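Text of input-v3.txt, listed as compact mmCIF, C-alpha atoms:
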# COMPACT_ATOMS: atom_id res chain seq x y z
CA MET A 1 5.95 24.92 -8.71
CA SER A 2 4.63 23.77 -12.06
CA ILE A 3 4.97 20.76 -14.31
CA ASP A 4 4.91 20.68 -18.08
CA ALA A 5 3.14 18.35 -20.49
CA THR A 6 6.04 15.86 -20.50
CA ASP A 7 6.09 15.66 -16.69
CA ARG A 8 2.37 15.05 -16.76
CA LYS A 9 2.82 12.24 -19.30
CA ILE A 10 5.35 10.58 -17.00
CA LEU A 11 2.97 10.84 -14.04
CA THR A 12 0.04 9.52 -16.05
CA ALA A 13 2.13 6.61 -17.38
CA THR A 14 3.32 5.57 -13.91
CA GLN A 15 0.35 6.25 -11.64
CA GLY A 16 -0.93 2.72 -12.16
CA GLY A 17 2.47 1.42 -11.04
CA LEU A 18 6.13 1.40 -11.99
CA PRO A 19 6.97 -1.43 -14.44
CA LEU A 20 8.40 -4.58 -12.86
CA THR A 21 11.30 -4.89 -15.27
CA ALA A 22 15.00 -4.55 -14.56
CA GLN A 23 15.19 -1.02 -16.04
CA PRO A 24 11.80 0.53 -15.19
CA TYR A 25 12.72 4.11 -16.07
CA ALA A 26 14.09 3.04 -19.45
CA GLU A 27 10.84 1.18 -20.04
CA VAL A 28 8.73 4.26 -19.22
CA ALA A 29 11.03 6.35 -21.44
CA GLY A 30 10.43 3.88 -24.26
CA TRP A 31 6.64 4.21 -23.91
CA LEU A 32 6.87 8.00 -24.17
CA GLY A 33 9.65 8.33 -26.77
CA LEU A 34 12.08 9.86 -24.26
CA GLU A 35 15.56 8.99 -23.03
CA GLU A 36 15.91 7.16 -19.71
CA ALA A 37 18.13 9.97 -18.36
CA GLU A 38 15.43 12.54 -19.06
CA VAL A 39 12.74 10.48 -17.27
CA VAL A 40 15.04 10.07 -14.24
CA ALA A 41 15.96 13.78 -14.24
CA ARG A 42 12.32 14.85 -14.47
CA ILE A 43 11.16 12.49 -11.71
CA SER A 44 14.05 13.69 -9.56
CA ALA A 45 13.06 17.33 -10.14
CA MET A 46 9.42 16.53 -9.28
CA ILE A 47 10.55 14.90 -6.03
CA ASP A 48 12.64 17.99 -5.20
CA SER A 49 9.73 20.33 -5.91
CA GLY A 50 7.28 18.20 -3.92
CA VAL A 51 5.00 17.21 -6.82
CA ILE A 52 6.02 13.58 -6.19
CA ARG A 53 6.16 12.82 -2.48
CA ARG A 54 8.11 9.62 -2.95
CA ILE A 55 8.29 6.49 -5.08
CA ALA A 56 7.15 3.74 -2.77
CA VAL A 57 4.83 0.84 -2.06
CA ALA A 58 1.52 1.20 -0.28
CA PRO A 59 0.92 -1.86 1.91
CA ASN A 60 -2.57 -3.27 2.09
CA HIS A 61 -3.24 -3.16 5.84
CA TYR A 62 -6.12 -5.60 5.62
CA ALA A 63 -4.14 -8.23 3.73
CA LEU A 64 -1.31 -7.87 6.23
CA GLY A 65 -3.62 -8.75 9.08
CA MET A 66 -4.28 -5.21 10.27
CA VAL A 67 -8.02 -5.58 9.85
CA ALA A 68 -8.98 -3.19 12.65
CA ASN A 69 -8.41 0.51 12.37
CA GLY A 70 -9.71 3.68 13.91
CA MET A 71 -9.38 7.38 13.23
CA SER A 72 -8.02 8.69 16.52
CA VAL A 73 -8.38 12.42 17.17
CA TRP A 74 -6.55 14.48 19.75
CA ASP A 75 -6.74 17.97 21.20
CA VAL A 76 -3.22 19.02 22.08
CA GLU A 77 -1.68 22.40 22.89
CA ASP A 78 -1.06 24.36 19.69
CA ALA A 79 2.48 25.24 20.73
CA ARG A 80 3.42 21.54 20.81
CA SER A 81 1.16 20.15 18.06
CA GLU A 82 3.86 19.88 15.37
CA GLU A 83 6.43 18.25 17.59
CA LEU A 84 3.87 15.76 18.95
CA GLY A 85 2.33 15.11 15.53
CA ALA A 86 5.77 14.08 14.25
CA GLN A 87 6.17 11.71 17.22
CA ILE A 88 2.76 10.11 16.63
CA GLY A 89 3.47 9.79 12.89
CA ALA A 90 6.66 7.88 13.70
CA LEU A 91 4.85 5.11 15.61
CA ASP A 92 4.77 1.72 13.86
CA PHE A 93 1.01 1.31 14.07
CA VAL A 94 0.19 4.77 12.68
CA SER A 95 -0.19 5.01 8.90
CA HIS A 96 -0.93 8.73 8.69
CA CYS A 97 -0.99 11.65 11.06
CA TYR A 98 -2.31 15.11 10.21
CA LEU A 99 -2.63 18.49 11.85
CA ARG A 100 -6.03 20.00 10.99
CA PRO A 101 -8.04 23.02 12.17
CA ARG A 102 -10.50 22.52 15.04
CA ALA A 103 -14.23 23.13 14.43
CA LEU A 104 -15.22 24.64 17.77
CA PRO A 105 -17.29 24.30 19.82
CA ASP A 106 -18.21 20.70 18.97
CA TRP A 107 -14.90 19.51 17.48
CA PRO A 108 -11.92 20.44 19.67
CA TYR A 109 -9.41 18.02 18.07
CA ASN A 110 -6.41 19.20 16.02
CA LEU A 111 -4.37 16.00 15.47
CA PHE A 112 -5.77 13.08 13.47
CA ALA A 113 -3.96 9.72 13.41
CA MET A 114 -5.05 6.47 11.74
CA LEU A 115 -4.33 3.60 14.14
CA HIS A 116 -4.07 0.02 12.87
CA GLY A 117 -4.14 -3.33 14.63
CA ALA A 118 -5.09 -6.97 14.19
CA THR A 119 -8.07 -6.53 16.53
CA ARG A 120 -10.14 -3.73 18.02
CA ALA A 121 -8.47 -4.45 21.38
CA GLU A 122 -5.05 -3.95 19.83
CA VAL A 123 -6.15 -0.60 18.36
CA GLU A 124 -7.37 0.42 21.84
CA ALA A 125 -4.02 -0.59 23.32
CA HIS A 126 -2.26 1.56 20.71
CA ARG A 127 -4.54 4.42 21.65
CA GLU A 128 -3.38 4.12 25.26
CA GLU A 129 0.23 4.29 24.05
CA VAL A 130 -0.52 7.54 22.22
CA LYS A 131 -2.20 8.91 25.36
CA THR A 132 0.92 8.12 27.35
CA LEU A 133 3.13 9.73 24.72
CA LEU A 134 1.07 12.93 24.74
CA GLY A 135 1.05 13.16 28.54
CA GLN A 136 0.29 16.61 29.93
CA ALA A 137 -0.09 18.14 26.45
CA LEU A 138 -3.31 16.14 25.88
CA ARG A 139 -6.59 17.91 26.69
CA SER A 140 -9.15 15.50 25.21
CA CYS A 141 -9.39 12.71 22.67
CA ASP A 142 -11.75 10.38 20.86
CA ILE A 143 -11.61 7.55 18.31
CA LEU A 144 -13.96 7.05 15.38
CA TYR A 145 -14.34 3.53 14.02
CA SER A 146 -15.65 3.07 10.51
CA THR A 147 -18.66 0.83 10.02
CA ARG A 148 -18.95 1.03 6.23
CA ILE A 149 -17.06 2.24 3.18
CA LEU A 150 -19.61 4.34 1.30
CA LYS A 151 -17.40 5.22 -1.66
CA LYS A 152 -13.79 4.68 -2.66
CA THR A 153 -12.52 5.82 -6.02
CA GLY A 154 -9.12 7.21 -5.02
CA MET A 155 -7.28 10.06 -6.62
CA ARG A 156 -6.67 9.84 -10.34
CA LEU A 157 -4.81 12.44 -12.31
CA SER A 158 -6.86 13.77 -15.21
CA LYS A 159 -5.23 13.69 -18.61
CA GLY A 160 -5.69 17.43 -19.23
CA SER A 161 -2.83 19.70 -20.29
CA THR A 162 -0.30 20.79 -17.61
CA MET B 1 -8.85 -4.26 -2.96
CA ARG B 2 -8.39 -7.33 -0.78
CA ARG B 3 -9.98 -6.74 2.65
CA GLN B 4 -9.26 -10.17 4.18
CA PRO B 5 -5.98 -11.10 5.85
CA LEU B 6 -3.63 -13.30 3.85
CA PRO B 7 -3.17 -16.82 5.20
CA GLU B 8 -0.50 -17.37 7.84
CA GLY B 9 2.89 -17.76 6.20
CA ALA B 10 1.89 -16.03 2.95
CA LEU B 11 4.83 -13.63 3.38
CA ASP B 12 8.33 -14.58 4.44
CA ALA B 13 10.82 -12.38 6.30
CA THR B 14 12.31 -11.06 3.04
CA ASP B 15 8.86 -10.05 1.75
CA ARG B 16 8.25 -8.12 4.96
CA ALA B 17 11.66 -6.46 4.82
CA LEU B 18 10.97 -5.52 1.19
CA ILE B 19 7.61 -3.92 2.05
CA ASN B 20 9.17 -1.95 4.89
CA LEU B 21 12.13 -0.82 2.79
CA LEU B 22 10.02 0.23 -0.19
CA GLN B 23 7.71 2.35 1.94
CA GLU B 24 10.66 4.64 2.53
CA GLY B 25 11.43 5.11 -1.13
CA PHE B 26 12.80 3.57 -4.30
CA PRO B 27 16.10 4.41 -6.06
CA LEU B 28 16.21 6.59 -9.16
CA SER B 29 18.83 4.69 -11.09
CA ASN B 30 19.41 2.48 -14.09
CA ARG B 31 18.97 -0.78 -12.12
CA PRO B 32 16.92 0.17 -9.07
CA TYR B 33 15.66 -3.34 -8.28
CA ALA B 34 19.26 -4.58 -8.17
CA GLU B 35 20.06 -1.84 -5.62
CA VAL B 36 17.08 -2.85 -3.49
CA GLY B 37 18.19 -6.49 -3.74
CA ALA B 38 21.69 -5.56 -2.59
CA GLN B 39 20.20 -3.97 0.55
CA LEU B 40 18.14 -7.07 1.30
CA GLY B 41 20.73 -9.63 0.32
CA CYS B 42 18.85 -11.02 -2.66
CA SER B 43 19.07 -10.76 -6.43
CA GLU B 44 17.42 -8.26 -8.76
CA GLU B 45 15.40 -11.10 -10.23
CA ASP B 46 14.21 -12.17 -6.79
CA VAL B 47 13.07 -8.59 -5.94
CA LEU B 48 11.09 -8.40 -9.19
CA LYS B 49 9.53 -11.79 -8.61
CA ARG B 50 8.59 -10.95 -5.03
CA LEU B 51 7.06 -7.56 -5.96
CA GLY B 52 4.99 -9.15 -8.70
CA HIS B 53 3.81 -11.80 -6.25
CA LEU B 54 3.03 -9.26 -3.49
CA ARG B 55 0.92 -7.29 -5.96
CA GLU B 56 -0.81 -10.41 -7.21
CA ILE B 57 -1.83 -11.64 -3.75
CA GLY B 58 -2.90 -8.13 -2.73
CA ALA B 59 -0.28 -7.57 -0.02
CA ILE B 60 0.48 -4.18 -1.58
CA THR B 61 -2.03 -1.91 -3.23
CA ARG B 62 0.36 0.35 -5.15
CA PHE B 63 3.96 0.65 -6.19
CA GLY B 64 5.05 3.83 -7.92
CA PRO B 65 5.15 7.61 -7.55
CA PHE B 66 2.87 9.15 -4.94
CA ILE B 67 1.65 12.47 -6.27
CA ASP B 68 0.96 15.46 -4.06
CA ALA B 69 -2.22 16.93 -5.55
CA ALA B 70 -1.72 20.16 -3.61
CA ALA B 71 1.72 20.67 -5.15
CA MET B 72 0.10 20.40 -8.59
CA GLY B 73 -2.45 23.09 -7.85
CA GLY B 74 -5.16 20.71 -6.71
CA ALA B 75 -6.58 20.36 -3.25
CA PHE B 76 -7.87 17.77 -0.80
CA CYS B 77 -10.12 18.33 2.17
CA LEU B 78 -11.47 15.97 4.79
CA CYS B 79 -15.11 16.80 5.49
CA ALA B 80 -17.66 15.56 8.00
CA MET B 81 -21.42 15.72 8.39
CA ALA B 82 -23.86 14.83 11.17
CA VAL B 83 -26.50 12.93 9.19
CA PRO B 84 -29.79 11.92 10.86
CA GLN B 85 -30.04 8.12 10.79
CA ASP B 86 -33.35 8.09 8.89
CA ARG B 87 -31.84 10.22 6.10
CA PHE B 88 -28.51 8.44 5.91
CA GLU B 89 -28.98 6.51 2.66
CA ASP B 90 -30.48 9.51 0.82
CA VAL B 91 -27.71 11.85 1.95
CA MET B 92 -25.09 9.25 1.04
CA THR B 93 -26.49 9.08 -2.51
CA LEU B 94 -26.40 12.88 -2.83
CA VAL B 95 -22.85 13.14 -1.46
CA ASN B 96 -21.43 10.23 -3.49
CA ALA B 97 -22.87 11.65 -6.72
CA HIS B 98 -20.26 14.44 -6.56
CA LYS B 99 -17.21 13.44 -8.59
CA GLU B 100 -15.06 15.44 -6.14
CA VAL B 101 -15.85 12.89 -3.40
CA ALA B 102 -12.85 10.51 -3.57
CA HIS B 103 -13.87 8.33 -0.65
CA ASN B 104 -16.55 8.31 1.98
CA TYR B 105 -16.84 6.39 5.26
CA GLU B 106 -19.59 5.87 7.78
CA ARG B 107 -18.15 6.29 11.31
CA VAL B 108 -19.49 5.83 14.80
CA HIS B 109 -19.83 9.40 16.09
CA HIS B 110 -22.26 12.31 16.12
CA LEU B 111 -20.38 13.32 12.94
CA ASN B 112 -21.16 10.05 11.19
CA MET B 113 -20.25 10.67 7.54
CA TRP B 114 -16.60 11.43 6.68
CA PHE B 115 -15.48 12.03 3.13
CA VAL B 116 -12.53 13.46 1.23
CA LEU B 117 -13.02 16.05 -1.48
CA ALA B 118 -10.33 16.06 -4.18
CA CYS B 119 -10.36 18.93 -6.69
CA ASP B 120 -8.15 20.24 -9.49
CA GLN B 121 -8.44 23.78 -8.13
CA PRO B 122 -8.41 24.86 -4.46
CA GLU B 123 -11.65 26.85 -4.88
CA GLY B 124 -13.36 23.64 -5.99
CA ILE B 125 -13.37 22.40 -2.38
CA ASP B 126 -15.65 25.09 -1.00
CA GLN B 127 -17.80 25.01 -4.14
CA ALA B 128 -18.43 21.28 -3.75
CA ALA B 129 -18.92 21.49 0.02
CA ASP B 130 -21.33 24.44 -0.31
CA GLN B 131 -23.28 22.57 -2.96
CA ILE B 132 -23.57 19.50 -0.73
CA GLU B 133 -24.83 21.73 2.09
CA ALA B 134 -27.43 23.26 -0.24
CA GLU B 135 -28.59 19.86 -1.50
CA THR B 136 -28.81 18.19 1.91
CA GLY B 137 -29.48 21.08 4.29
CA ILE B 138 -26.72 19.69 6.55
CA ALA B 139 -23.55 21.58 7.48
CA VAL B 140 -20.33 20.23 5.94
CA LYS B 141 -17.50 20.65 8.45
CA ARG B 142 -14.17 21.11 6.68
CA PHE B 143 -10.87 19.85 8.00
CA PRO B 144 -8.16 20.81 5.50
CA LYS B 145 -4.71 19.37 6.17
CA LEU B 146 -2.43 21.96 7.78
CA LYS B 147 0.50 19.58 8.07
CA GLU B 148 1.15 15.91 7.38
CA PHE B 149 3.37 13.71 9.51
CA PHE B 150 4.23 10.57 7.59
CA ILE B 151 6.88 8.07 8.45
CA GLY B 152 5.31 4.87 7.25
CA PHE B 153 3.82 1.76 8.60
CA LYS B 154 5.99 -1.15 9.63
CA VAL B 155 5.13 -4.77 8.99
CA SER B 156 6.42 -6.75 11.91
CA ALA B 157 9.34 -8.86 10.75
Would you put the structure from the file into structure tokens?
Amino acid sequence: MSIDATDRKILTATQGGLPLTAQPYAEVAGWLGLEEAEVVARISAMIDSGVIRRIAVAPNHYALGMVANGMSVWDVEDARSEELGAQIGALDFVSHCYLRPRALPDWPYNLFAMLHGATRAEVEAHREEVKTLLGQALRSCDILYSTRILKKTGMRLSKGST
Amino acid sequence: MRRQPLPEGALDATDRALINLLQEGFPLSNRPYAEVGAQLGCSEEDVLKRLGHLREIGAITRFGPFIDAAAMGGAFCLCAMAVPQDRFEDVMTLVNAHKEVAHNYERVHHLNMWFVLACDQPEGIDQAADQIEAETGIAVKRFPKLKEFFIGFKVSA
């Protein structure tokens, strides 16, 4: 799976956001001296190959009133971790759910899910819902609340070749 | 990024439906905003106006392609450290100085510092983590993503 210099130009041009004009792909094509059809075809190919996960909005949880959040962590049976991870990821109040390796002996958890709510109590209630969902497959769990953002720069694509 | 809730009534039902719909994906066509409008029962112009407004008031943080760094040969790794309270600020300065550290949070746990390493090359992850261990004398626990389950986050209508 590789992208060429033109693909990279399209990604660099759009990572700040897709233009809010009636024909956004034609606009991007105009910036780069390409045809609209080529931009669409290249984005489509990058979605198929997995380089682009999706074209979408990212909601601001804080602005939308979800000011409380916690990183919930769960130790579930390996045999059922993928099936249960998908079920947790599908819950309305979960923004992301990941399967990660355990770090035994002091970190037994293999599923990580970010839980969001308007209040800490709501996050705790959501946590109970996840416990119920996991049922017998759950061995232990915890939740880590953040107290401070120490750094946040986000991921930016460098402008290097390929 | 806005970290305070918007005032009550800042978003109407159509705004909420738009945010929910556009988390799933956006059409690849000549007039994609018109297609989105057709699904919501509003005009292309209205969709554009609403998106611009949602961005302006900070209801959405991004709108565009989401890139998978791993698919492009890069790598991400969630890492955690158990930092003694009296060394916290010094360790934070050392950790944050690494350009590979994309974000870093203090959390209430024995493992109290959680950060994400983002690198162009997969081997960059262990290099950066090893270097942080050498500089701080504290183990960097690594939790690479094995699988991601993402469906989205719904704004109650």
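Here CA of Leu104 (chain A) stands at a distance of 16.0 Å from CA of His109 (chain B).
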Can you build me a table of chain A residues sitting at most 7 Å from chain B, with the closest atom pair per residue and its distance in Å to one decimal, using only C-alpha atoms, sorted by chain and residue number, as a Markdown table?
| residue | atom | partner | partner_atom | distance |
| --- | --- | --- | --- | --- |
| A:Met1 | CA | B:Ala71 | CA | 7.0 |
| A:Ser2 | CA | B:Met72 | CA | 6.6 |
| A:Thr14 | CA | B:Gly64 | CA | 6.5 |
| A:Gln15 | CA | B:Pro65 | CA | 6.5 |
| A:Gly17 | CA | B:Gly64 | CA | 4.7 |
| A:Leu18 | CA | B:Gly64 | CA | 4.9 |
| A:Leu20 | CA | B:Leu48 | CA | 5.9 |
| A:Ala22 | CA | B:Arg31 | CA | 6.0 |
| A:Gln23 | CA | B:Arg31 | CA | 5.5 |
| A:Val40 | CA | B:Leu28 | CA | 6.3 |
| A:Gly50 | CA | B:Ala71 | CA | 6.2 |
| A:Val51 | CA | B:Ala71 | CA | 5.1 |
| A:Ile52 | CA | B:Ile67 | CA | 4.5 |
| A:Arg53 | CA | B:Phe66 | CA | 5.5 |
| A:Arg54 | CA | B:Phe66 | CA | 5.6 |
| A:Ile55 | CA | B:Pro65 | CA | 4.1 |
| A:Ala56 | CA | B:Gly25 | CA | 4.8 |
| A:Val57 | CA | B:Phe63 | CA | 4.2 |
| A:Ala58 | CA | B:Arg62 | CA | 5.1 |
| A:Pro59 | CA | B:Ile60 | CA | 4.2 |
| A:Asn60 | CA | B:Ile60 | CA | 4.9 |
| A:Tyr62 | CA | B:Arg3 | CA | 5.0 |
| A:Ala63 | CA | B:Pro5 | CA | 4.0 |
| A:Leu64 | CA | B:Pro5 | CA | 5.7 |
| A:Gly65 | CA | B:Pro5 | CA | 4.6 |
| A:Gly85 | CA | B:Phe149 | CA | 6.3 |
| A:Ala86 | CA | B:Phe149 | CA | 5.3 |
| A:Gly89 | CA | B:Phe149 | CA | 5.2 |
| A:Ala90 | CA | B:Ile151 | CA | 5.3 |
| A:Asp92 | CA | B:Lys154 | CA | 5.3 |
| A:Phe93 | CA | B:Phe153 | CA | 6.2 |
| A:Val94 | CA | B:Phe153 | CA | 6.2 |
| A:Ser95 | CA | B:Phe153 | CA | 5.2 |
| A:His96 | CA | B:Phe150 | CA | 5.6 |
| A:Cys97 | CA | B:Phe149 | CA | 5.1 |
| A:Tyr98 | CA | B:Glu148 | CA | 4.5 |
| A:Leu99 | CA | B:Lys147 | CA | 5.0 |
| A:Arg100 | CA | B:Lys145 | CA | 5.0 |
| A:Pro101 | CA | B:Phe143 | CA | 6.0 |
| A:Leu144 | CA | B:Val108 | CA | 5.7 |
| A:Tyr145 | CA | B:Arg107 | CA | 5.4 |
| A:Ser146 | CA | B:Arg107 | CA | 4.2 |
| A:Thr147 | CA | B:Glu106 | CA | 5.6 |
| A:Arg148 | CA | B:Glu106 | CA | 5.1 |
| A:Ile149 | CA | B:Tyr105 | CA | 4.6 |
| A:Leu150 | CA | B:Asn104 | CA | 5.1 |
| A:Lys151 | CA | B:His103 | CA | 4.8 |
| A:Lys152 | CA | B:His103 | CA | 4.2 |
| A:Thr153 | CA | B:Ala102 | CA | 5.3 |
| A:Gly154 | CA | B:Ala102 | CA | 5.2 |
| A:Met155 | CA | B:Ala102 | CA | 6.4 |
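Distance-wise, CA of Ile132 (chain B) and CA of Leu111 (chain A) end up 25.4 Å apart.
Using only C-alpha atoms, the shortest contact distance between Arg139 (chain A) and any of A:Ala5, A:Ala41, A:Val73, A:Leu11 is found at A:Val73.
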Q) If we count all atoms listed in the file, what is near Ala134 (chain B) at a cut-off of 12 Å, once residues fewer than 6 positions away on the same chain are taken out, given as a ChimeraX atom specification? A) /B:91,94-95,126-128,140
Go ahead and save the residues from that selection, with C-alpha atoms, as a PDB file, keeping the file's coordinate frame.
ATOM      1  CA  VAL B  91     -27.710  11.850   1.950  1.00  0.00           C
ATOM      2  CA  LEU B  94     -26.400  12.880  -2.830  1.00  0.00           C
ATOM      3  CA  VAL B  95     -22.850  13.140  -1.460  1.00  0.00           C
ATOM      4  CA  ASP B 126     -15.650  25.090  -1.000  1.00  0.00           C
ATOM      5  CA  GLN B 127     -17.800  25.010  -4.140  1.00  0.00           C
ATOM      6  CA  ALA B 128     -18.430  21.280  -3.750  1.00  0.00           C
ATOM      7  CA  VAL B 140     -20.330  20.230   5.940  1.00  0.00           C
TER       8      VAL B 140
END
Can you put N, CA and C atoms back into region 71-91 of chain B and show it as a compact mmCIF listing (two decimals), in the coordinates of the input?
# COMPACT_ATOMS: atom_id res chain seq x y z
N ALA B 71 0.55 20.09 -4.48
CA ALA B 71 1.72 20.67 -5.15
C ALA B 71 1.44 20.91 -6.63
N MET B 72 0.44 20.22 -7.18
CA MET B 72 0.10 20.40 -8.59
C MET B 72 -1.04 21.38 -8.78
N GLY B 73 -1.39 22.09 -7.72
CA GLY B 73 -2.45 23.09 -7.85
C GLY B 73 -3.81 22.56 -7.45
N GLY B 74 -3.89 21.28 -7.15
CA GLY B 74 -5.16 20.71 -6.71
C GLY B 74 -5.31 20.82 -5.21
N ALA B 75 -6.36 20.26 -4.69
CA ALA B 75 -6.58 20.36 -3.25
C ALA B 75 -7.38 19.17 -2.76
N PHE B 76 -7.12 18.82 -1.49
CA PHE B 76 -7.87 17.77 -0.80
C PHE B 76 -8.47 18.38 0.44
N CYS B 77 -9.61 17.89 0.87
CA CYS B 77 -10.12 18.33 2.17
C CYS B 77 -10.96 17.22 2.79
N LEU B 78 -10.64 16.91 4.04
CA LEU B 78 -11.47 15.97 4.79
C LEU B 78 -12.70 16.73 5.28
N CYS B 79 -13.86 16.14 5.10
CA CYS B 79 -15.11 16.80 5.49
C CYS B 79 -15.95 15.84 6.33
N ALA B 80 -16.79 16.40 7.18
CA ALA B 80 -17.66 15.56 8.00
C ALA B 80 -19.05 16.17 8.12
N MET B 81 -20.03 15.29 8.23
CA MET B 81 -21.42 15.72 8.39
C MET B 81 -22.09 14.89 9.49
N ALA B 82 -23.04 15.53 10.19
CA ALA B 82 -23.86 14.83 11.17
C ALA B 82 -25.19 14.53 10.48
N VAL B 83 -25.33 13.29 10.00
CA VAL B 83 -26.50 12.93 9.19
C VAL B 83 -27.52 12.18 10.06
N PRO B 84 -28.78 12.66 10.11
CA PRO B 84 -29.79 11.92 10.86
C PRO B 84 -29.92 10.50 10.30
N GLN B 85 -30.03 9.52 11.19
CA GLN B 85 -30.04 8.12 10.79
C GLN B 85 -31.10 7.82 9.72
N ASP B 86 -32.28 8.41 9.85
CA ASP B 86 -33.35 8.09 8.89
C ASP B 86 -33.13 8.73 7.51
N ARG B 87 -32.13 9.62 7.41
CA ARG B 87 -31.84 10.22 6.10
C ARG B 87 -30.52 9.72 5.53
N PHE B 88 -29.89 8.79 6.25
CA PHE B 88 -28.51 8.44 5.91
C PHE B 88 -28.33 7.99 4.46
N GLU B 89 -29.15 7.06 4.01
CA GLU B 89 -28.98 6.51 2.66
C GLU B 89 -29.20 7.58 1.59
N ASP B 90 -30.20 8.44 1.79
CA ASP B 90 -30.48 9.51 0.82
C ASP B 90 -29.33 10.50 0.75
N VAL B 91 -28.82 10.89 1.92
CA VAL B 91 -27.71 11.85 1.95
C VAL B 91 -26.47 11.23 1.32
